[in-house]
Every structure is written in C-alpha cells, then in structure tokens.
>>> print(open('run-v1.cif').read())   # mmCIF, C-alpha atoms
data_data
loop_
_atom_site.label_atom_id
_atom_site.label_comp_id
_atom_site.auth_asym_id
_atom_site.auth_seq_id
_atom_site.Cartn_x
_atom_site.Cartn_y
_atom_site.Cartn_z
CA MET A 1 16.01 -13.22 -3.37
CA ARG A 2 12.33 -12.43 -3.72
CA LEU A 3 9.69 -9.96 -2.61
CA PRO A 4 6.99 -11.94 -0.77
CA ALA A 5 3.39 -11.53 -1.85
CA GLU A 6 1.08 -9.76 0.57
CA TRP A 7 -1.02 -12.89 1.15
CA GLU A 8 1.93 -14.72 2.73
CA LYS A 9 2.23 -15.06 6.51
CA GLN A 10 2.90 -11.76 8.30
CA GLU A 11 4.58 -10.89 11.58
CA PHE A 12 2.91 -7.50 12.02
CA VAL A 13 1.39 -4.51 10.24
CA GLN A 14 2.67 -0.99 10.85
CA LEU A 15 0.44 2.05 11.36
CA VAL A 16 1.64 5.62 12.01
CA PHE A 17 -1.07 7.62 13.75
CA PRO A 18 -2.11 11.19 12.88
CA HIS A 19 -1.24 14.03 15.28
CA VAL A 20 -1.82 17.78 15.51
CA GLU A 21 1.17 18.65 13.34
CA THR A 22 -0.01 16.54 10.41
CA ASP A 23 -2.37 17.60 7.62
CA TRP A 24 -5.11 15.63 9.39
CA ASN A 25 -5.39 18.28 12.09
CA ASP A 26 -8.55 19.93 10.72
CA TYR A 27 -10.44 16.68 11.36
CA LEU A 28 -8.03 14.93 13.70
CA ASP A 29 -10.54 13.05 15.87
CA GLU A 30 -12.23 11.65 12.79
CA ALA A 31 -8.88 10.58 11.33
CA ILE A 32 -7.70 8.96 14.56
CA GLY A 33 -11.02 7.13 14.70
CA THR A 34 -10.36 5.60 11.29
CA PHE A 35 -6.86 4.53 12.30
CA LEU A 36 -8.30 3.01 15.49
CA ASN A 37 -10.80 1.02 13.42
CA ILE A 38 -8.02 -0.35 11.22
CA ALA A 39 -5.81 -1.27 14.18
CA LYS A 40 -8.66 -2.95 16.08
CA VAL A 41 -9.45 -5.17 13.10
CA ILE A 42 -5.81 -6.08 12.54
CA GLN A 43 -5.25 -6.99 16.21
CA GLN A 44 -7.95 -9.64 15.94
CA TYR A 45 -5.74 -11.55 13.49
CA GLN A 46 -2.12 -10.60 14.16
CA LYS A 47 0.21 -8.06 15.74
CA CYS A 48 -0.10 -4.39 14.90
CA LEU A 49 2.77 -1.95 15.42
CA ILE A 50 1.44 1.47 16.35
CA VAL A 51 3.83 4.37 15.87
CA ALA A 52 2.75 7.68 17.40
CA LYS A 53 4.24 11.08 18.15
CA ASP A 54 2.74 10.86 21.65
CA ILE A 55 1.89 7.36 22.86
CA SER A 56 0.25 8.76 26.00
CA ILE A 57 -2.54 10.10 23.75
CA ILE A 58 -3.02 7.03 21.57
CA LYS A 59 -2.49 4.07 23.90
CA PRO A 60 -5.45 4.82 26.25
CA LEU A 61 -7.79 4.76 23.25
CA PHE A 62 -7.39 0.97 23.14
CA ILE A 63 -9.23 -0.93 25.90
CA ASN A 64 -7.93 -4.22 24.54
CA LYS A 65 -4.18 -4.06 23.96
CA LYS A 66 -3.73 -7.66 22.79
CA ASN A 67 -1.42 -7.94 19.76
CA LEU A 68 -0.55 -4.23 19.91
CA ILE A 69 2.98 -2.87 20.02
CA PHE A 70 3.33 0.83 20.83
CA ILE A 71 6.37 2.92 19.97
CA GLU A 72 6.87 6.67 20.20
CA ILE A 73 8.44 8.23 17.10
CA ASP A 74 7.73 11.61 15.54
CA SER A 75 6.43 11.83 11.97
CA ASN A 76 5.52 14.30 9.25
CA ASP A 77 2.55 12.23 8.13
CA THR A 78 0.99 8.76 8.22
CA TRP A 79 1.67 6.95 4.92
CA SER A 80 3.44 3.82 6.18
CA ARG A 81 3.12 2.09 2.81
CA ASP A 82 5.47 4.58 1.24
CA PHE A 83 8.09 5.29 3.92
CA GLY A 84 7.89 1.91 5.66
CA GLY A 85 10.52 -0.77 5.19
CA ILE A 86 10.07 -3.19 2.27
CA THR A 87 10.97 -6.74 3.29
CA VAL A 88 12.63 -9.29 1.02
CA GLU A 89 13.35 -12.96 1.61
CA ASN A 90 16.82 -14.26 0.85
CA TYR A 91 18.19 -17.72 1.75
CA ASN A 92 15.56 -18.28 4.45
CA SER A 93 16.17 -14.93 6.11
CA LEU A 94 14.27 -11.66 5.92
CA THR A 95 15.86 -8.29 5.23
CA VAL A 96 14.13 -4.94 5.63
CA LEU A 97 15.20 -2.65 2.80
CA ASP A 98 15.08 0.97 3.92
CA PHE A 99 14.70 2.97 0.73
CA LYS A 100 14.95 6.74 0.60
CA PHE A 101 11.62 8.55 0.81
CA ASN A 102 11.17 12.08 -0.52
CA ALA A 103 7.37 12.52 -0.27
CA TRP A 104 6.49 11.55 -3.83
CA GLY A 105 9.01 13.79 -5.53
CA GLU A 106 9.37 16.42 -2.79
CA LYS A 107 5.69 17.44 -2.79
CA PHE A 108 5.56 17.66 1.03
CA SER A 109 7.81 17.60 4.10
CA TYR A 110 9.45 14.22 4.71
CA ASN A 111 12.51 14.59 6.96
CA LEU A 112 10.92 12.67 9.87
CA ASP A 113 9.11 10.04 7.80
CA ASP A 114 12.32 9.13 6.00
CA LYS A 115 13.89 8.21 9.36
CA ILE A 116 11.10 6.05 10.81
CA THR A 117 12.34 2.65 9.61
CA LYS A 118 15.83 3.40 10.91
CA GLU A 119 14.32 4.52 14.23
CA LEU A 120 12.38 1.25 14.48
CA ARG A 121 15.63 -0.63 14.01
CA LEU A 122 17.45 1.47 16.62
CA LYS A 123 14.60 0.87 19.07
CA ASP A 124 14.93 -2.89 18.44
CA LEU A 125 11.50 -3.24 16.79
CA LEU A 126 13.04 -5.01 13.79
CA SER A 127 15.24 -7.47 15.70
CA SER A 128 13.89 -10.45 13.72
CA TYR A 129 15.08 -8.93 10.46
CA LYS A 130 18.31 -8.01 8.81
CA TYR A 131 18.48 -4.39 7.71
CA LYS A 132 19.88 -2.60 4.69
CA SER A 133 19.74 1.08 3.81
CA ILE A 134 19.23 1.65 0.08
CA PRO A 135 20.21 4.97 -1.61
CA PHE A 136 17.33 4.78 -4.09
CA ILE A 137 13.99 6.59 -3.85
CA LEU A 138 11.12 4.11 -3.80
CA GLU A 139 7.70 3.97 -2.15
CA GLY A 140 6.05 0.69 -1.21
CA GLY A 141 2.85 1.69 -2.99
CA ALA A 142 4.77 1.91 -6.25
CA ILE A 143 5.45 -1.82 -6.55
CA GLU A 144 3.33 -4.96 -6.42
CA SER A 145 4.67 -8.54 -6.19
CA ASN A 146 3.10 -11.91 -6.94
CA GLY A 147 5.73 -13.61 -4.75
CA THR A 148 7.36 -15.56 -7.59
CA GLY A 149 9.43 -12.87 -9.24
CA VAL A 150 6.92 -10.72 -11.11
CA ILE A 151 6.83 -7.03 -10.18
CA LEU A 152 4.04 -4.74 -11.34
CA THR A 153 4.62 -0.97 -11.41
CA THR A 154 3.75 2.22 -13.29
CA SER A 155 5.93 4.37 -15.50
CA LYS A 156 4.21 7.60 -14.38
CA CYS A 157 5.45 7.08 -10.85
CA MET A 158 8.80 5.42 -11.38
CA MET A 159 9.87 7.84 -14.11
CA GLU A 160 8.63 10.98 -12.34
CA LYS A 161 11.42 13.57 -12.63
CA ASN A 162 11.87 14.33 -8.91
CA ARG A 163 12.46 10.78 -7.67
CA ASN A 164 15.47 9.25 -9.43
CA PRO A 165 16.09 11.73 -12.28
CA HIS A 166 19.57 10.42 -13.06
CA LEU A 167 18.27 6.96 -13.98
CA SER A 168 16.69 5.75 -17.21
CA LYS A 169 13.75 3.35 -17.33
CA LYS A 170 16.12 0.50 -18.13
CA GLN A 171 18.34 1.42 -15.17
CA ILE A 172 15.35 1.61 -12.81
CA GLU A 173 14.18 -1.79 -13.98
CA SER A 174 17.68 -3.13 -13.29
CA LYS A 175 17.41 -1.75 -9.74
CA LEU A 176 14.09 -3.54 -9.21
CA ILE A 177 15.65 -6.77 -10.46
CA GLU A 178 18.64 -6.28 -8.17
CA TYR A 179 16.76 -5.35 -5.00
CA PHE A 180 13.82 -7.77 -5.32
CA GLY A 181 15.22 -10.64 -7.36
CA ALA A 182 12.61 -9.83 -10.01
CA LYS A 183 12.44 -12.12 -13.01
CA LYS A 184 9.99 -9.89 -14.84
CA VAL A 185 8.94 -6.26 -14.44
CA LEU A 186 5.57 -5.26 -15.88
CA TRP A 187 5.17 -1.55 -16.57
CA LEU A 188 1.75 0.09 -16.80
CA ASP A 189 1.88 3.26 -18.91
CA SER A 190 -1.82 4.12 -18.48
CA GLY A 191 -4.11 4.61 -15.52
CA TYR A 192 -4.51 7.34 -12.94
CA LEU A 193 -6.92 8.67 -10.32
CA GLU A 194 -7.66 12.36 -10.00
CA GLY A 195 -6.52 13.66 -6.62
CA ASP A 196 -3.76 11.07 -6.23
CA ASP A 197 -0.52 12.72 -5.06
CA THR A 198 1.62 9.65 -5.79
CA ASP A 199 1.78 9.91 -9.60
CA SER A 200 -0.25 6.73 -10.11
CA HIS A 201 0.93 4.26 -7.51
CA ILE A 202 0.19 0.72 -8.61
CA ASP A 203 -1.66 0.00 -5.36
CA THR A 204 -4.39 2.45 -6.40
CA LEU A 205 -4.88 0.78 -9.79
CA ALA A 206 -4.00 -2.93 -10.08
CA ARG A 207 -2.99 -5.61 -7.57
CA PHE A 208 -2.07 -9.27 -7.50
CA VAL A 209 -4.47 -11.49 -5.57
CA SER A 210 -2.67 -14.72 -6.56
CA VAL A 211 0.34 -15.71 -8.62
CA ASP A 212 -1.71 -15.62 -11.82
CA THR A 213 -4.56 -13.18 -11.07
CA ILE A 214 -4.73 -9.38 -11.08
CA VAL A 215 -7.62 -7.26 -9.85
CA TYR A 216 -7.90 -3.74 -11.21
CA GLN A 217 -9.93 -0.62 -10.76
CA SER A 218 -12.28 -0.33 -13.73
CA CYS A 219 -14.49 2.53 -14.88
CA ASP A 220 -17.80 1.89 -16.66
CA ASP A 221 -18.96 5.52 -16.79
CA GLU A 222 -18.16 6.82 -20.28
CA ASN A 223 -18.74 10.38 -19.10
CA ASP A 224 -16.20 10.16 -16.29
CA MET A 225 -12.79 11.76 -16.74
CA HIS A 226 -11.11 8.42 -15.94
CA TYR A 227 -12.92 6.28 -18.48
CA VAL A 228 -10.50 6.45 -21.42
CA GLU A 229 -7.37 6.14 -19.31
CA LEU A 230 -8.63 3.16 -17.31
CA GLN A 231 -9.78 1.46 -20.51
CA LYS A 232 -6.23 1.84 -21.83
CA MET A 233 -4.93 0.36 -18.58
CA GLN A 234 -7.28 -2.60 -18.93
CA ASN A 235 -5.95 -3.23 -22.44
CA GLU A 236 -2.37 -3.12 -21.18
CA LEU A 237 -3.16 -5.58 -18.40
CA SER A 238 -4.78 -7.96 -20.90
CA ASN A 239 -1.49 -8.17 -22.78
CA PHE A 240 0.73 -8.88 -19.77
CA THR A 241 2.06 -12.43 -19.45
CA GLN A 242 3.25 -14.58 -16.58
CA LEU A 243 6.68 -16.19 -16.39
CA ASN A 244 5.27 -19.23 -18.20
CA GLY A 245 3.99 -17.09 -21.07
CA ASN A 246 0.30 -17.39 -20.14
CA LYS A 247 -1.77 -14.26 -19.71
CA PHE A 248 -2.98 -13.24 -16.27
CA LYS A 249 -6.54 -13.74 -15.15
CA LEU A 250 -8.10 -10.29 -14.76
CA ILE A 251 -10.85 -9.32 -12.33
CA LYS A 252 -12.63 -5.96 -12.61
CA LEU A 253 -13.32 -3.98 -9.48
CA PRO A 254 -16.49 -1.86 -9.70
CA TRP A 255 -16.36 1.87 -10.23
CA ILE A 256 -16.98 4.29 -7.38
CA GLU A 257 -19.11 7.36 -7.90
CA ALA A 258 -17.13 10.60 -7.85
CA LYS A 259 -16.25 11.70 -4.32
CA TYR A 260 -15.35 15.29 -3.50
CA ASP A 261 -13.93 17.38 -0.68
CA ASP A 262 -15.35 20.80 -1.53
CA LYS A 263 -14.51 20.92 -5.25
CA ASP A 264 -11.53 18.55 -5.11
CA ARG A 265 -12.02 15.10 -6.66
CA LEU A 266 -10.81 12.40 -4.30
CA PRO A 267 -8.99 9.19 -5.34
CA ALA A 268 -11.44 6.52 -4.15
CA THR A 269 -10.42 3.01 -5.24
CA TYR A 270 -11.18 -0.55 -4.19
CA ALA A 271 -7.71 -1.61 -5.35
CA ASN A 272 -6.24 -0.15 -2.14
CA PHE A 273 -7.14 -3.21 -0.06
CA LEU A 274 -4.94 -4.86 2.61
CA ILE A 275 -4.34 -8.59 3.03
CA ILE A 276 -3.46 -9.81 6.54
CA ASN A 277 -3.31 -13.20 8.25
CA GLY A 278 -6.74 -14.77 7.91
CA ALA A 279 -8.50 -11.68 6.57
CA LEU A 280 -8.74 -9.15 3.79
CA LEU A 281 -9.64 -5.53 4.54
CA VAL A 282 -11.43 -3.63 1.78
CA PRO A 283 -11.76 0.16 1.69
CA THR A 284 -15.37 1.32 1.46
CA TYR A 285 -16.75 4.77 0.67
CA ASN A 286 -20.48 4.69 1.44
CA ASP A 287 -20.93 3.88 -2.24
CA LYS A 288 -23.56 1.79 -4.00
CA ASN A 289 -20.83 -0.63 -5.15
CA ASP A 290 -19.25 -1.27 -1.72
CA LYS A 291 -21.25 -4.48 -1.29
CA LYS A 292 -20.37 -5.69 -4.78
CA ALA A 293 -16.67 -5.09 -4.13
CA LEU A 294 -16.83 -7.06 -0.89
CA GLU A 295 -18.53 -9.94 -2.69
CA ILE A 296 -15.84 -10.01 -5.39
CA PHE A 297 -13.10 -10.21 -2.77
CA GLN A 298 -14.93 -12.88 -0.78
CA ASN A 299 -15.11 -15.03 -3.91
CA LEU A 300 -11.40 -14.51 -4.48
CA PHE A 301 -10.50 -15.28 -0.86
CA PRO A 302 -13.05 -17.84 0.36
CA LYS A 303 -10.84 -18.92 3.28
CA ARG A 304 -10.34 -15.40 4.64
CA ASP A 305 -12.69 -13.06 6.42
CA VAL A 306 -13.45 -10.13 4.11
CA LEU A 307 -14.17 -6.95 6.05
CA GLY A 308 -15.03 -3.44 4.90
CA ILE A 309 -13.22 -0.45 6.40
CA ASP A 310 -14.83 2.98 5.96
CA CYS A 311 -12.13 5.06 4.28
CA GLN A 312 -14.09 8.21 3.48
CA THR A 313 -11.83 10.18 5.82
CA LEU A 314 -8.60 8.73 4.41
CA ILE A 315 -9.31 9.82 0.85
CA ARG A 316 -9.67 13.42 2.07
CA GLN A 317 -5.87 13.28 2.36
CA HIS A 318 -5.66 11.55 -1.04
CA GLY A 319 -4.84 8.02 0.09
CA SER A 320 -6.69 5.00 1.41
CA LEU A 321 -6.36 1.79 3.43
CA HIS A 322 -3.31 0.19 1.85
CA CYS A 323 -1.51 3.54 1.82
CA VAL A 324 -1.55 3.90 5.62
CA THR A 325 -0.34 0.35 6.35
CA MET A 326 2.82 -1.71 5.78
CA GLN A 327 3.06 -5.42 6.43
CA TYR A 328 6.23 -7.14 7.66
CA PRO A 329 6.41 -10.79 6.57
CA SER A 330 7.09 -13.72 8.86
CA LEU A 331 9.68 -16.45 8.31
CA ILE A 332 7.19 -18.92 9.72
CA LYS A 333 5.05 -20.11 6.83
CA GLU A 334 1.47 -21.31 7.09
#
>>> encode(input="run-v1.cif", output="structure tokens")
Amino acid sequence: MRLPAEWEKQEFVQLVFPHVETDWNDYLDEAIGTFLNIAKVIQQYQKCLIVAKDISIIKPLFINKKNLIFIEIDSNDTWSRDFGGITVENYNSLTVLDFKFNAWGEKFSYNLDDKITKELRLKDLLSSYKYKSIPFILEGGAIESNGTGVILTTSKCMMEKNRNPHLSKKQIESKLIEYFGAKKVLWLDSGYLEGDDTDSHIDTLARFVSVDTIVYQSCDDENDMHYVELQKMQNELSNFTQLNGNKFKLIKLPWIEAKYDDKDRLPATYANFLIINGALLVPTYNDKNDKKALEIFQNLFPKRDVLGIDCQTLIRQHGSLHCVTMQYPSLIKE
C-alpha cells in the first residue's frame, strides 16, 4: 500500500466548476474563466474530468473538447483537492479512498461536496478503480506524499478540534499509516498563511518535488506578519529526515507581496502548484516574483513544460491552483 506521488502518471484531473449558488457568484464569469484556463491547459496533456451543476452552460465554452469528460453533479463549492477521492496503490491495483469531508471543520456548507466522489462512482466515472468509503475526516490538501512512504502534514490542520476531535495525534498518525501505507509521518507545527480557511494545509506551505526534495513557501520580508512563523517552518523542515536518515534537500520559493481583497489579506503561495503528465502548472499572481518562481520550477523539472496560471481570482476565495484540482493516478507507468 502506498500513496503515489503527484509526479507519477495520471489518468485524469478533476475540476468542479463554479455556479451561481457558490460563493463565486459575485464574480462568476471571472471565476469560470480561470477554471476554463486550467482545464484547457490540462487537456493538452491528459484527460480532464469536468464536473458542473449544469453541463449545458459549461460544455459550450470549450470549442475543443479533446480529452474532456463532462459530468453533471451539483456542488456546494469547487475545492476538488479537499473533497475529491484520494487514490492509493495496492498490489498493482488502484483504490479511491472516499474520506468524509466537513468543509474544514464545518466552516461552510458541504452536504453536496461530500457526496461527489460517491456520485462519480455511481455514474461509472471511476470504473478503473476500486472504491472504499472511509469514516475519517481528511482533505487531500492536508497531506503530501513522496511516493515511497513518507507523508508530510501539519498539526494545525490535522489536530483542529472540529475534524476528528475524538482522536489523539498518535491515533491520527496511525490512521495515516493504515490508509496510506506510510512508513514515516512528518508533522509541521509551524507555518500558516493569513486568509487560509484550511488551518494550514500542507499544499499551501511545503511540497515534495522528488523523493528527497521539498520546496517551501519562504518569507524574506522581516516586517511581514508571516516572517517569524515561516522561519520556524523552515527550521522544522531542515531537521526532517528521509527513510534512509538523510536530510531532505530544501528549495525556497520566493515571497509574494501582500495581496488583498478590500482589507482581507489573501493566501497567495507558489507552493500550490499542480503536476500533470508532461507539465507543471504554477499559480501566478501578477507579482514581481512570478518569473523567478517559474524559473525555479523549470530547473526542478527540466523535462516538463512549466506553465504559469493566473490565480488572482482563485485567492479571492482563499485557495489557489492545487486546491481546485485533484489528480487520479494511472496504473500504466511511464
């Protein structure tokens, strides 16, 4: 049993499109435009599953429908990373684990989102996978895998009182070992982004880019509210070790100038990237460091196309690129 790394071969990526009954409604056209951009890039490299409340509205927006799969399912919101199925490999088969989703500790409505993975199975969209419902609250953005048994997570999220309050940290770690075949669980106790509703999801802070390398969102502005906390996180990361006892290679991602929606600080981060077959998609924010971030990722992934995706609209709802996507691995390896 193992949780595949994101850079492994994928079958498709799931997107759930905004609609009038979501919080995107005040700038719905702009939001749909961003989702269209993401889907159109993905379809150049692999299949993209598009879930929408009303397919008759979304489907005509695509002139080229190659590699697109459309399915009509209602939703509360659009955060596929957190309510989407999490796929594990076990004895040369793939199983979609359908964890319970309660909108990051019951912060928002979630009754429809929590059913989407089950609906995909009932509509035969997951026919290549086994399926298992798991009575444990877990969001995909809360865990990060290097593909060889190391899981990276954060204590602020996993120990938040409204998720699994009956379980201790040791018991939660045992669950991660059980569900994902983890050989080692690394817990970050520091690190956060103002405006993040997820209680410090790992995919906003630090990510694996190879078995032995972690990229992380740094802060070099001593006057910024995040400086001390992200310095503490960097120190924690520097002490983490691989299964062989060696420390991980660490790569800093440049800081992003403070972004606001009215007076609300928004959680802009380059760590919320998405790896797909043959490419890596990097969130950009019309920031002076966008180009530098793209260059860092291109050096890390010289054999993949590295493409920027404007995510200024996504952070207005307190998430970014990785948050709105969920990859489903393929059994066929490259």
>>> closest_atom_pairs(input="run-v1.cif", of="stretch 96-144 of chain A", to="stretch 84-88 of chain A", cutoff="6 Å", atoms="only C-alpha atoms", output="Markdown table")
| residue | atom | partner | partner_atom | distance |
| --- | --- | --- | --- | --- |
| A:Val96 | CA | A:Thr87 | CA | 4.3 |
| A:Leu97 | CA | A:Ile86 | CA | 5.2 |
| A:Asp98 | CA | A:Gly85 | CA | 5.0 |
| A:Thr117 | CA | A:Gly85 | CA | 5.9 |
>>> closest_atom_pairs(input="run-v1.cif", of="stretch 42-148 of chain A", to="stretch 194-206 of chain A", cutoff="8 Å", atoms="all atoms listed in the file", output="CSV")
residue,atom,partner,partner_atom,distance
A:Trp104,CA,A:Thr198,CA,5.6
A:Gly141,CA,A:Asp203,CA,5.4
A:Ala142,CA,A:His201,CA,4.7
A:Ile143,CA,A:Ile202,CA,6.2
A:Glu144,CA,A:Ile202,CA,6.8
>>> resolve_selection(input="run-v1.cif", expression="the PyMOL selection byres ((chain A and resi 297-308) around 6)", output="number ranges by chain")
A: 278-284, 294-296, 309
>>> resolve_selection(input="run-v1.cif", expression="the PyMOL selection byres ((chain A and resi 229-232) around 9)", output="short mmCIF file (atom, residue, chain, number, x, y, z; two decimals) with C-alpha atoms, in the frame of the given file")
data_model
loop_
_atom_site.label_atom_id
_atom_site.label_comp_id
_atom_site.auth_asym_id
_atom_site.auth_seq_id
_atom_site.Cartn_x
_atom_site.Cartn_y
_atom_site.Cartn_z
CA ASP A 189 1.88 3.26 -18.91
CA SER A 190 -1.82 4.12 -18.48
CA GLY A 191 -4.11 4.61 -15.52
CA TYR A 192 -4.51 7.34 -12.94
CA LEU A 205 -4.88 0.78 -9.79
CA GLN A 217 -9.93 -0.62 -10.76
CA SER A 218 -12.28 -0.33 -13.73
CA CYS A 219 -14.49 2.53 -14.88
CA ASP A 220 -17.80 1.89 -16.66
CA MET A 225 -12.79 11.76 -16.74
CA HIS A 226 -11.11 8.42 -15.94
CA TYR A 227 -12.92 6.28 -18.48
CA VAL A 228 -10.50 6.45 -21.42
CA MET A 233 -4.93 0.36 -18.58
CA GLN A 234 -7.28 -2.60 -18.93
CA ASN A 235 -5.95 -3.23 -22.44
CA GLU A 236 -2.37 -3.12 -21.18
CA LEU A 237 -3.16 -5.58 -18.40
#
>>> resolve_selection(input="run-v1.cif", expression="the PyMOL selection byres ((chain A and resi 3) around 12)", output="ChimeraX atom specification")
/A:1-2,4-8,86-90,93-97,140,143-152,176-183,328-329
>>> axis_aligned_box(input="run-v1.cif", around="stretch 248-255 of chain A", padding_each_side="3 Å", output="lines of an AutoDock Vina configuration file")
center_x = -9.7
center_y = -5.9
center_z = -12.9
size_x = 19.5
size_y = 21.6
size_z = 12.8
>>> closest_residue(input="run-v1.cif", among="A:Asp221, A:Asp29, A:Asp124, A:Asp23", to="A:Asp77", atoms="all atoms listed in the file")
A:Asp23
>>> residues_around(input="run-v1.cif", residues="A:Thr241", least_positions_apart="4", cutoff="12 Å", atoms="all atoms listed in the file", output="PyMOL selection string")
chain A and resi 150-152+184-187+211-214+236-237+245-250
>>> write_last_selection(input="run-v1.cif", atoms="C-alpha atoms", output="short mmCIF file (atom, residue, chain, number, x, y, z; two decimals), in the frame of the given file")
data_model
loop_
_atom_site.label_atom_id
_atom_site.label_comp_id
_atom_site.auth_asym_id
_atom_site.auth_seq_id
_atom_site.Cartn_x
_atom_site.Cartn_y
_atom_site.Cartn_z
CA VAL A 150 6.92 -10.72 -11.11
CA ILE A 151 6.83 -7.03 -10.18
CA LEU A 152 4.04 -4.74 -11.34
CA LYS A 184 9.99 -9.89 -14.84
CA VAL A 185 8.94 -6.26 -14.44
CA LEU A 186 5.57 -5.26 -15.88
CA TRP A 187 5.17 -1.55 -16.57
CA VAL A 211 0.34 -15.71 -8.62
CA ASP A 212 -1.71 -15.62 -11.82
CA THR A 213 -4.56 -13.18 -11.07
CA ILE A 214 -4.73 -9.38 -11.08
CA GLU A 236 -2.37 -3.12 -21.18
CA LEU A 237 -3.16 -5.58 -18.40
CA GLY A 245 3.99 -17.09 -21.07
CA ASN A 246 0.30 -17.39 -20.14
CA LYS A 247 -1.77 -14.26 -19.71
CA PHE A 248 -2.98 -13.24 -16.27
CA LYS A 249 -6.54 -13.74 -15.15
CA LEU A 250 -8.10 -10.29 -14.76
#
>>> residues_around(input="run-v1.cif", residues="A:Lys115", least_positions_apart="3", cutoff="10 Å", atoms="all atoms listed in the file", output="PyMOL selection string")
chain A and resi 73-75+83-84+98+100-101+110-112+118-120
>>> atom_distance(input="run-v1.cif", atom1="atom CA of A:Asp224", atom2="atom CA of A:Arg265")
11.6 Å
>>> closest_residue(input="run-v1.cif", among="A:Asn37, A:Ser320, A:Asn289, A:Ser80", to="A:Val51", atoms="only C-alpha atoms")
A:Ser80
>>> closest_residue(input="run-v1.cif", among="A:Asp262, A:Asp287, A:Glu160, A:Glu257", to="A:Asp310", atoms="all atoms listed in the file")
A:Asp287
>>> atom_distance(input="run-v1.cif", atom1="atom CA of A:Leu314", atom2="atom CA of A:Tyr216")
20.0 Å
>>> atom_distance(input="run-v1.cif", atom1="atom CA of A:Ile256", atom2="atom CA of A:Thr78")
24.2 Å
>>> closest_residue(input="run-v1.cif", among="A:Lys47, A:Lys59, A:His166, A:His322", to="A:Arg207", atoms="only C-alpha atoms")
A:His322
>>> closest_residue(input="run-v1.cif", among="A:Leu49, A:Thr269, A:Lys107, A:Ser238", to="A:Lys65", atoms="all atoms listed in the file")
A:Leu49
>>> closest_residue(input="run-v1.cif", among="A:Lys40, A:Phe273, A:Phe108, A:Lys161", to="A:Phe208", atoms="only C-alpha atoms")
A:Phe273
>>> residues_around(input="run-v1.cif", residues="stretch 18-22 of chain A", least_positions_apart="2", cutoff="9 Å", atoms="all atoms listed in the file", output="MDAnalysis selection string")
chainID A and resid 16 24:26 28 31:32 35 52:54 75:78
